[in-house]
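> Right, I'll just put the structure down here and ask away after.
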Amino acid sequence: MLNYIFRRLIIAFFMLIGIGIVSFVVIQLPPGDYASAYQGYLLARGATADDAERAAQSLRVQYGLDKPVAEQFINWVKGIVTEGKFGYSFAYGKDVGELIAERMPMTILIAILAHTISTIVGVGLGIYVAPRKYGVADNVWAIISFILTSVPRFSLAVIILYILVIDLKQPSVSSFFSPQYVFAPWSIDKVLDLFRHIWPVLLIAGLGGVARNMRVMRGNLLDVLGSQYVQTARSKGLTENKVIMKHAVPNALHTIVAYQGTVLPYMLQGELEVAIVLGLPTLGPLFYDALVNGDIYISGSLLLIYGVLILAGNLLADIFLSILDPRIRYS
């Protein structure tokens with residue numbers, strides 16, 4: 001097992017280097033940079049073309065945007081490794097690491113809760129409908145899953161926003177807490193207030209995951225239920241529930257477990273549309289604004305974090321799969 005993990009860590013290290021290079025180059029491909037956006041802002045405010053150009057050029061020199069991409073990348077990586085700093089945000093005027101640290105805890109909380117709900121509910125529904133193939137329950141949940149995966153999240157977010165503001169008259173929709181709880185110490189009332197504000201994100205971000213997990217689990221379980229060893233278990237007189245839960249479900253979980261390796265960055269990014277519509281301060285809107293404004297160090301840092309999460313998730317998935325099926329660790 002240790003050799004297996006060590007091999008995966010070596011591969012992950014080189015993959016991480018590649019992800020860092022590719023992500024930094026990709027965000028530099030669109031024409032213009034933050035200085036160009038700032039120049040357009042000055043022109044819109046009535047500055048002359050020469051003054052706006054000089055201000056933009058001064059900004060490029062100040063933050064090293066006039067240097068070659070390779071040199072910018074090396075300086076960025078050097079700052080991360082030696083100082084633990086991810087660069088400077090031009091739009092927010094502060095260190096990128098501080099911005100990410102401010103938004104990361106709530107983003108992770110929302111992502112983990114939404115993912116946990118979608119996995120437990122989705123897998124449970126998949127186990128429920130698979131033995132009832134083409135029955136009423138199977139067809140009903142197939143239609144529901146199709147709808148859940150087809151309806152755009154931002155549409156649901158707009159509908160829920162309308163209900164919260166117009167019908168329920170809920171204040172402070174674009175915050176995690178009501179005003180009286182923002183600086184208050186943690187308590188049961190503050191936790192309840194938090195869930196009162198984040199339930200739309202949990203609901204919308206988790207709906208697609210429920211549908212996907214249900215469909216994947218249903219398909220895998222149907223394949224396993226047709227296997228010879230399952231028929232043998234039935235011929236020994238075991239109850240159908242015992243055959244499904246003890247013999248079929250563990251082998252049908254392989255794809256679900258493997259999927260967890262790629263779901264970590266999706267957990268952080270899955271609430272993007274909802275957070276933008278509701279105005280919640282999470283990493284999703286931060287990433288979107290950075291791409292629009294050309295704030296390269298925020299974009300690059302978040303892409304790097306998502307890459308690390310993918311690698312870490314795949315490593316954890318490999319370990320769990322090797323525990324679930326010992327044959328995998330020898331491959």
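We label chains A, B, ... in the order they appear in the structure tokens, count residues from 1 in each chain, and number ligands from 1 in the order shown.
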From region 33-259 of chain A, collect each residue whose DSSP state is strand (DSSP E) and return the set as a PDB file with N, CA and C atoms, in the first residue's frame.


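File written: result_19.pdb
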```
ATOM      1  N   TYR A  88      -0.424  39.778  -5.642  1.00  0.00           N
ATOM      2  CA  TYR A  88      -1.184  40.952  -5.215  1.00  0.00           C
ATOM      3  C   TYR A  88      -2.391  41.134  -6.124  1.00  0.00           C
ATOM      4  N   SER A  89      -3.550  41.347  -5.528  1.00  0.00           N
ATOM      5  CA  SER A  89      -4.763  41.580  -6.303  1.00  0.00           C
ATOM      6  C   SER A  89      -4.856  43.048  -6.676  1.00  0.00           C
ATOM      7  N   LYS A  94      -5.119  44.107  -2.226  1.00  0.00           N
ATOM      8  CA  LYS A  94      -4.596  43.365  -1.087  1.00  0.00           C
ATOM      9  C   LYS A  94      -4.027  42.035  -1.550  1.00  0.00           C
ATOM     10  N   ASP A  95      -3.381  41.328  -0.629  1.00  0.00           N
ATOM     11  CA  ASP A  95      -2.758  40.056  -0.966  1.00  0.00           C
ATOM     12  C   ASP A  95      -3.823  39.023  -1.345  1.00  0.00           C
TER      13      ASP A  95
END
```

> Can you tell me which residues surround region 167-181 of chain A at a distance of at most 12 Å, considering only C-alpha atoms, apart from same-chain residues fewer than 4 positions away, and format the answer as an MDAnalysis selection string?

chainID A and resid 103 105:107 109:110 157 159:163 185:201 274:282

> Print the selection's residues with C-alpha atoms to a file, as a CSV table (one decimal), in the first residue's frame.


```csv
chain,number,residue,atom,x,y,z
A,103,ARG,CA,-13.8,33.4,1.6
A,105,PRO,CA,-14.1,28.7,5.1
A,106,MET,CA,-17.7,29.4,4.1
A,107,THR,CA,-17.1,28.1,0.6
A,109,LEU,CA,-18.6,24.6,4.5
A,110,ILE,CA,-21.2,25.1,1.7
A,157,ALA,CA,-31.4,31.1,-8.1
A,159,ILE,CA,-36.7,32.3,-8.7
A,160,ILE,CA,-35.5,31.7,-5.1
A,161,LEU,CA,-34.2,35.2,-4.9
A,162,TYR,CA,-37.6,36.6,-5.9
A,163,ILE,CA,-39.3,34.4,-3.3
A,185,PRO,CA,-20.0,35.1,19.0
A,186,TRP,CA,-21.0,31.6,17.7
A,187,SER,CA,-24.2,30.3,19.2
A,188,ILE,CA,-27.1,28.0,18.3
A,189,ASP,CA,-29.1,31.1,17.1
A,190,LYS,CA,-26.2,32.2,14.9
A,191,VAL,CA,-25.8,28.7,13.3
A,192,LEU,CA,-29.6,28.7,12.6
A,193,ASP,CA,-29.3,32.1,11.1
A,194,LEU,CA,-26.4,30.9,8.9
A,195,PHE,CA,-28.5,28.0,7.6
A,196,ARG,CA,-31.4,30.4,6.9
A,197,HIS,CA,-29.1,32.3,4.5
A,198,ILE,CA,-27.3,29.4,2.8
A,199,TRP,CA,-30.1,26.9,2.3
A,200,PRO,CA,-30.8,28.2,-1.3
A,201,VAL,CA,-27.1,27.5,-2.2
A,274,VAL,CA,-26.1,30.8,-7.1
A,275,ALA,CA,-23.5,32.8,-5.3
A,276,ILE,CA,-23.3,35.4,-8.1
A,277,VAL,CA,-27.1,35.8,-8.2
A,278,LEU,CA,-27.4,36.1,-4.4
A,279,GLY,CA,-24.3,38.1,-4.0
A,280,LEU,CA,-22.7,35.8,-1.5
A,281,PRO,CA,-18.9,36.3,-0.8
A,282,THR,CA,-17.6,32.9,-1.8
```

> Go through region 72-232 of chain A and collect every residue that DSSP, computed from the backbone, puts in helix (DSSP H, G or I); the answer should be as a ChimeraX atom specification.

/A:72-83,96-132,136-150,153-167,179-181,188-225,228-232

> So what do you get for CA of Arg215 (chain A) versus CA of Thr119 (chain A), distance-wise?

11.5 Å

> For the atom pair CA of Glu273 (chain A) and CA of Leu315 (chain A), what is the interatomic distance in Å to one decimal place?

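Computed distance, CA of Glu273 (chain A) to CA of Leu315 (chain A), equals 28.6 Å.
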